[in-house]
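> Before anything else, here's the structure in question.
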Amino acid sequence: MQIWVDIVSGGRAGQRIECDPKAPIRLGRRPDCHVQLDAYKDLDVSGHHAEIRAEADGYYLIDNGSANGTYFGSARIDRLKLGADQTIALGSNGPRLRIYLVQAQQAAAPQPAAAPQPAAAPQPAATPA
């Protein structure tokens, strides 16, 4: 199992972080976070805002008592059991993160091959002189 976190909005939008969930995964602005948000632009995010933890019945997103809260939809949450694909926000106006629980065979799957390039147009044969 891997956990992928796509940063959908905020100072680091467009980044994907692939995490090994054997230990808690920290989310926040501090440099020691696995998913590090921008310390200068993502000001709704606390230093150690939230973390993802494995428990006996699945994976959970847990708010670490952050000042601006963690949101799933419009609801402020303290704890959320993660499904295969969920979007959360760190702060009501903070960056949105899309969290994926990825099975090992999905993570190791080869990327789709590039589309074949069109063949060059045939050149006319030279005429003998």
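Going by the structure tokens order, chains are called A, B, ..., each with residues numbered from 1, while ligands are numbered from 1 in the order shown.
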Give me, as a Markdown table, the closest atom pair and its distance (Å, one decimal) for every residue of region 28-70 of chain A within a cut-off of 10 Å of region 83-95 of chain A, counting only C-alpha atoms, rows sorted by chain and rising number.


```
| residue | atom | partner | partner_atom | distance |
| --- | --- | --- | --- | --- |
| A:Gly28 | CA | A:Leu90 | CA | 8.5 |
| A:Leu37 | CA | A:Pro95 | CA | 8.3 |
| A:Asp38 | CA | A:Pro95 | CA | 9.6 |
| A:Lys41 | CA | A:Gly94 | CA | 9.6 |
| A:Asp42 | CA | A:Gly94 | CA | 6.5 |
| A:Leu43 | CA | A:Gly94 | CA | 7.6 |
| A:Asp44 | CA | A:Gly94 | CA | 5.2 |
| A:Val45 | CA | A:Leu90 | CA | 5.8 |
| A:Ser46 | CA | A:Leu90 | CA | 8.4 |
| A:His49 | CA | A:Leu90 | CA | 7.4 |
| A:Ala50 | CA | A:Leu90 | CA | 8.2 |
| A:Gly58 | CA | A:Gly83 | CA | 8.7 |
| A:Tyr59 | CA | A:Gly83 | CA | 8.1 |
| A:Tyr60 | CA | A:Gly83 | CA | 9.1 |
| A:Leu61 | CA | A:Ile88 | CA | 9.4 |
| A:Asp63 | CA | A:Leu90 | CA | 9.1 |
| A:Ser66 | CA | A:Gly91 | CA | 8.5 |
| A:Ala67 | CA | A:Gly91 | CA | 8.2 |
| A:Asn68 | CA | A:Gly91 | CA | 4.7 |
| A:Gly69 | CA | A:Gly91 | CA | 5.0 |
| A:Thr70 | CA | A:Leu90 | CA | 4.7 |
```

> Residues of the last selection are to be written out with N, CA and C atoms, as a PDB file, in the first residue's frame.


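What ended up in result_32.pdb:
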```
ATOM      1  N   GLY A  28       1.977  19.616   6.795  1.00  0.00           N
ATOM      2  CA  GLY A  28       2.092  20.943   7.388  1.00  0.00           C
ATOM      3  C   GLY A  28       3.146  21.774   6.697  1.00  0.00           C
ATOM      4  N   LEU A  37       3.778  21.913   2.888  1.00  0.00           N
ATOM      5  CA  LEU A  37       3.114  22.997   2.183  1.00  0.00           C
ATOM      6  C   LEU A  37       4.007  24.231   2.226  1.00  0.00           C
ATOM      7  N   ASP A  38       3.711  25.212   1.398  1.00  0.00           N
ATOM      8  CA  ASP A  38       4.540  26.403   1.277  1.00  0.00           C
ATOM      9  C   ASP A  38       4.477  27.250   2.552  1.00  0.00           C
ATOM     10  N   LYS A  41       3.286  30.990   1.560  1.00  0.00           N
ATOM     11  CA  LYS A  41       2.022  31.230   0.854  1.00  0.00           C
ATOM     12  C   LYS A  41       0.825  30.552   1.509  1.00  0.00           C
ATOM     13  N   ASP A  42       1.033  29.396   2.120  1.00  0.00           N
ATOM     14  CA  ASP A  42      -0.070  28.614   2.683  1.00  0.00           C
ATOM     15  C   ASP A  42      -0.219  28.904   4.177  1.00  0.00           C
ATOM     16  N   LEU A  43      -0.572  30.148   4.471  1.00  0.00           N
ATOM     17  CA  LEU A  43      -0.569  30.615   5.861  1.00  0.00           C
ATOM     18  C   LEU A  43      -1.725  30.068   6.698  1.00  0.00           C
ATOM     19  N   ASP A  44      -2.731  29.449   6.086  1.00  0.00           N
ATOM     20  CA  ASP A  44      -3.802  28.797   6.845  1.00  0.00           C
ATOM     21  C   ASP A  44      -3.338  27.468   7.431  1.00  0.00           C
ATOM     22  N   VAL A  45      -2.187  26.990   6.980  1.00  0.00           N
ATOM     23  CA  VAL A  45      -1.682  25.676   7.394  1.00  0.00           C
ATOM     24  C   VAL A  45      -0.740  25.843   8.578  1.00  0.00           C
ATOM     25  N   SER A  46      -0.971  25.036   9.612  1.00  0.00           N
ATOM     26  CA  SER A  46      -0.085  25.029  10.779  1.00  0.00           C
ATOM     27  C   SER A  46       1.205  24.281  10.460  1.00  0.00           C
ATOM     28  N   HIS A  49       0.155  20.392  10.918  1.00  0.00           N
ATOM     29  CA  HIS A  49      -1.287  20.586  10.823  1.00  0.00           C
ATOM     30  C   HIS A  49      -2.084  19.299  11.073  1.00  0.00           C
ATOM     31  N   ALA A  50      -1.724  18.238  10.368  1.00  0.00           N
ATOM     32  CA  ALA A  50      -2.477  16.979  10.451  1.00  0.00           C
ATOM     33  C   ALA A  50      -1.543  15.832  10.122  1.00  0.00           C
ATOM     34  N   GLY A  58      -8.074   0.600   8.987  1.00  0.00           N
ATOM     35  CA  GLY A  58      -7.854   1.461   7.820  1.00  0.00           C
ATOM     36  C   GLY A  58      -6.938   2.625   8.131  1.00  0.00           C
ATOM     37  N   TYR A  59      -6.970   3.603   7.239  1.00  0.00           N
ATOM     38  CA  TYR A  59      -6.128   4.792   7.366  1.00  0.00           C
ATOM     39  C   TYR A  59      -6.999   5.979   7.744  1.00  0.00           C
ATOM     40  N   TYR A  60      -6.454   6.832   8.624  1.00  0.00           N
ATOM     41  CA  TYR A  60      -7.200   7.975   9.132  1.00  0.00           C
ATOM     42  C   TYR A  60      -6.394   9.257   8.953  1.00  0.00           C
ATOM     43  N   LEU A  61      -7.104  10.332   8.607  1.00  0.00           N
ATOM     44  CA  LEU A  61      -6.548  11.683   8.616  1.00  0.00           C
ATOM     45  C   LEU A  61      -6.945  12.285   9.950  1.00  0.00           C
ATOM     46  N   ASP A  63      -6.517  15.643  12.528  1.00  0.00           N
ATOM     47  CA  ASP A  63      -6.084  17.016  12.751  1.00  0.00           C
ATOM     48  C   ASP A  63      -5.280  17.061  14.048  1.00  0.00           C
ATOM     49  N   SER A  66      -4.821  21.915  14.912  1.00  0.00           N
ATOM     50  CA  SER A  66      -4.402  23.073  14.110  1.00  0.00           C
ATOM     51  C   SER A  66      -5.277  24.287  14.404  1.00  0.00           C
ATOM     52  N   ALA A  67      -4.731  25.478  14.189  1.00  0.00           N
ATOM     53  CA  ALA A  67      -5.461  26.720  14.449  1.00  0.00           C
ATOM     54  C   ALA A  67      -6.643  26.900  13.502  1.00  0.00           C
ATOM     55  N   ASN A  68      -6.495  26.506  12.239  1.00  0.00           N
ATOM     56  CA  ASN A  68      -7.528  26.773  11.234  1.00  0.00           C
ATOM     57  C   ASN A  68      -8.330  25.551  10.817  1.00  0.00           C
ATOM     58  N   GLY A  69      -8.059  24.406  11.406  1.00  0.00           N
ATOM     59  CA  GLY A  69      -8.868  23.224  11.169  1.00  0.00           C
ATOM     60  C   GLY A  69      -8.545  22.485   9.884  1.00  0.00           C
ATOM     61  N   THR A  70      -9.106  21.285   9.798  1.00  0.00           N
ATOM     62  CA  THR A  70      -9.014  20.428   8.618  1.00  0.00           C
ATOM     63  C   THR A  70     -10.442  20.180   8.163  1.00  0.00           C
TER      64      THR A  70
END
```

> Excluding Ile3 (chain A) and any residue of its chain fewer than 3 positions from it, enumerate the residues within 8 Å of it, using only C-alpha atoms, and give them as JSON, numbers by chain.

{"A": [18, 19, 20, 21, 99, 100, 101, 102]}

> Work out how far CA of Glu55 (chain A) is from CA of Leu80 (chain A), in Å to one decimal.

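Distance between the two atoms: 11.9 Å.
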
> Would you compute the distance between CA of Cys33 (chain A) and CA of Gly47 (chain A)? Give it in Å to one decimal.

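Answer for the CA of Cys33 (chain A) to CA of Gly47 (chain A) separation: 8.3 Å.
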
> As a VMD selection string, which residues of chain A does DSSP assign to alpha helix (DSSP H)?

chain A and resid 104 to 107

> So that I have them on file, write out the residues from the current selection with N, CA, C and O atoms, as a PDB file, in the first residue's frame.


```pdb
ATOM      1  N   ALA A 104      -0.403  -1.844  -3.971  1.00  0.00           N
ATOM      2  CA  ALA A 104       0.961  -2.027  -4.487  1.00  0.00           C
ATOM      3  C   ALA A 104       0.973  -2.297  -5.985  1.00  0.00           C
ATOM      4  O   ALA A 104       1.786  -1.744  -6.717  1.00  0.00           O
ATOM      5  N   GLN A 105       0.063  -3.133  -6.484  1.00  0.00           N
ATOM      6  CA  GLN A 105       0.066  -3.450  -7.913  1.00  0.00           C
ATOM      7  C   GLN A 105      -0.307  -2.225  -8.750  1.00  0.00           C
ATOM      8  O   GLN A 105       0.153  -2.077  -9.867  1.00  0.00           O
ATOM      9  N   GLN A 106      -1.131  -1.306  -8.213  1.00  0.00           N
ATOM     10  CA  GLN A 106      -1.455  -0.080  -8.935  1.00  0.00           C
ATOM     11  C   GLN A 106      -0.238   0.829  -8.991  1.00  0.00           C
ATOM     12  O   GLN A 106       0.055   1.434 -10.008  1.00  0.00           O
ATOM     13  N   ALA A 107       0.475   0.937  -7.869  1.00  0.00           N
ATOM     14  CA  ALA A 107       1.634   1.820  -7.803  1.00  0.00           C
ATOM     15  C   ALA A 107       2.748   1.346  -8.724  1.00  0.00           C
ATOM     16  O   ALA A 107       3.480   2.140  -9.290  1.00  0.00           O
TER      17      ALA A 107
END
```

> Give me, please, the distance in Å between CA of Val35 (chain A) and CA of Ile77 (chain A), quoted to one decimal.

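One can read the CA of Val35 (chain A) to CA of Ile77 (chain A) distance as 18.9 Å.
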
> In region 43-110 of chain A, what's strand (DSSP E) per DSSP? Answer as a PyMOL selection string?

chain A and resi 50-55+58-63+70-72+75-77+79-81+85-90+96-102

> Output the selection as a compact mmCIF listing (two decimals), in the first residue's frame - N, CA, C and O atoms for each residue.


```txt
# COMPACT_ATOMS: atom_id res chain seq x y z
N ALA A 50 -1.72 18.24 10.37
CA ALA A 50 -2.48 16.98 10.45
C ALA A 50 -1.54 15.83 10.12
O ALA A 50 -0.40 16.05 9.72
N GLU A 51 -2.05 14.62 10.29
CA GLU A 51 -1.27 13.46 9.88
C GLU A 51 -2.19 12.32 9.47
O GLU A 51 -3.36 12.28 9.84
N ILE A 52 -1.61 11.44 8.69
CA ILE A 52 -2.31 10.24 8.24
C ILE A 52 -1.69 9.07 9.00
O ILE A 52 -0.47 8.92 9.01
N ARG A 53 -2.56 8.28 9.64
CA ARG A 53 -2.09 7.15 10.44
C ARG A 53 -2.81 5.87 10.03
O ARG A 53 -4.00 5.88 9.75
N ALA A 54 -2.06 4.77 10.08
CA ALA A 54 -2.64 3.45 9.87
C ALA A 54 -3.19 2.97 11.21
O ALA A 54 -2.52 3.08 12.24
N GLU A 55 -4.41 2.44 11.18
CA GLU A 55 -5.01 1.82 12.35
C GLU A 55 -5.52 0.45 11.92
O GLU A 55 -5.47 0.11 10.74
N GLY A 58 -8.07 0.60 8.99
CA GLY A 58 -7.85 1.46 7.82
C GLY A 58 -6.94 2.63 8.13
O GLY A 58 -6.23 2.64 9.14
N TYR A 59 -6.97 3.60 7.24
CA TYR A 59 -6.13 4.79 7.37
C TYR A 59 -7.00 5.98 7.74
O TYR A 59 -8.12 6.14 7.24
N TYR A 60 -6.45 6.83 8.62
CA TYR A 60 -7.20 7.97 9.13
C TYR A 60 -6.39 9.26 8.95
O TYR A 60 -5.17 9.26 9.15
N LEU A 61 -7.10 10.33 8.61
CA LEU A 61 -6.55 11.68 8.62
C LEU A 61 -6.94 12.28 9.95
O LEU A 61 -8.14 12.30 10.30
N ILE A 62 -5.97 12.78 10.70
CA ILE A 62 -6.22 13.29 12.05
C ILE A 62 -5.66 14.70 12.15
O ILE A 62 -4.48 14.94 11.86
N ASP A 63 -6.52 15.64 12.53
CA ASP A 63 -6.08 17.02 12.75
C ASP A 63 -5.28 17.06 14.05
O ASP A 63 -5.67 16.46 15.05
N THR A 70 -9.11 21.28 9.80
CA THR A 70 -9.01 20.43 8.62
C THR A 70 -10.44 20.18 8.16
O THR A 70 -11.32 19.93 8.99
N TYR A 71 -10.68 20.26 6.85
CA TYR A 71 -12.03 20.21 6.31
C TYR A 71 -12.19 19.08 5.30
O TYR A 71 -11.31 18.86 4.47
N PHE A 72 -13.34 18.42 5.39
CA PHE A 72 -13.79 17.46 4.39
C PHE A 72 -15.12 18.01 3.90
O PHE A 72 -16.08 18.06 4.67
N ALA A 75 -17.36 20.52 6.20
CA ALA A 75 -17.34 20.12 7.61
C ALA A 75 -15.92 20.14 8.16
O ALA A 75 -15.01 19.56 7.57
N ARG A 76 -15.77 20.80 9.30
CA ARG A 76 -14.49 20.75 10.01
C ARG A 76 -14.41 19.41 10.72
O ARG A 76 -15.35 19.00 11.40
N ILE A 77 -13.30 18.72 10.54
CA ILE A 77 -13.18 17.38 11.11
C ILE A 77 -11.96 17.30 12.02
O ILE A 77 -10.98 18.03 11.85
N ARG A 79 -11.09 13.95 12.78
CA ARG A 79 -10.64 12.61 12.38
C ARG A 79 -11.52 12.15 11.23
O ARG A 79 -12.74 12.31 11.27
N LEU A 80 -10.90 11.57 10.20
CA LEU A 80 -11.64 11.12 9.03
C LEU A 80 -11.04 9.80 8.57
O LEU A 80 -9.83 9.71 8.33
N LYS A 81 -11.88 8.76 8.43
CA LYS A 81 -11.41 7.51 7.85
C LYS A 81 -11.30 7.73 6.35
O LYS A 81 -12.25 8.18 5.70
N ASP A 85 -10.04 7.62 -2.47
CA ASP A 85 -9.77 8.89 -3.14
C ASP A 85 -10.63 9.96 -2.48
O ASP A 85 -11.84 9.96 -2.65
N GLN A 86 -9.99 10.85 -1.70
CA GLN A 86 -10.74 11.89 -1.02
C GLN A 86 -9.99 13.21 -1.08
O GLN A 86 -8.76 13.23 -1.06
N THR A 87 -10.76 14.30 -1.13
CA THR A 87 -10.18 15.64 -1.15
C THR A 87 -10.49 16.32 0.17
O THR A 87 -11.63 16.33 0.63
N ILE A 88 -9.45 16.91 0.77
CA ILE A 88 -9.59 17.62 2.04
C ILE A 88 -8.96 19.00 1.89
O ILE A 88 -8.25 19.27 0.90
N ALA A 89 -9.20 19.88 2.86
CA ALA A 89 -8.57 21.20 2.87
C ALA A 89 -7.93 21.43 4.23
O ALA A 89 -8.48 21.04 5.26
N LEU A 90 -6.78 22.04 4.22
CA LEU A 90 -6.09 22.41 5.45
C LEU A 90 -6.40 23.88 5.72
O LEU A 90 -5.80 24.78 5.14
N ARG A 96 -6.05 22.67 -0.88
CA ARG A 96 -6.79 21.42 -0.98
C ARG A 96 -5.82 20.32 -1.38
O ARG A 96 -4.94 20.52 -2.22
N LEU A 97 -6.01 19.16 -0.77
CA LEU A 97 -5.18 17.99 -1.04
C LEU A 97 -6.08 16.84 -1.44
O LEU A 97 -7.12 16.62 -0.82
N ARG A 98 -5.67 16.09 -2.45
CA ARG A 98 -6.40 14.89 -2.85
C ARG A 98 -5.56 13.71 -2.42
O ARG A 98 -4.40 13.59 -2.82
N ILE A 99 -6.14 12.86 -1.60
CA ILE A 99 -5.42 11.75 -1.00
C ILE A 99 -5.91 10.44 -1.61
O ILE A 99 -7.11 10.18 -1.65
N TYR A 100 -4.96 9.64 -2.11
CA TYR A 100 -5.27 8.35 -2.73
C TYR A 100 -4.64 7.24 -1.92
O TYR A 100 -3.46 7.32 -1.58
N LEU A 101 -5.41 6.18 -1.66
CA LEU A 101 -4.86 4.95 -1.11
C LEU A 101 -4.63 4.04 -2.31
O LEU A 101 -5.56 3.68 -3.01
N VAL A 102 -3.37 3.68 -2.55
CA VAL A 102 -2.99 2.98 -3.77
C VAL A 102 -2.45 1.59 -3.41
O VAL A 102 -1.50 1.48 -2.64
```
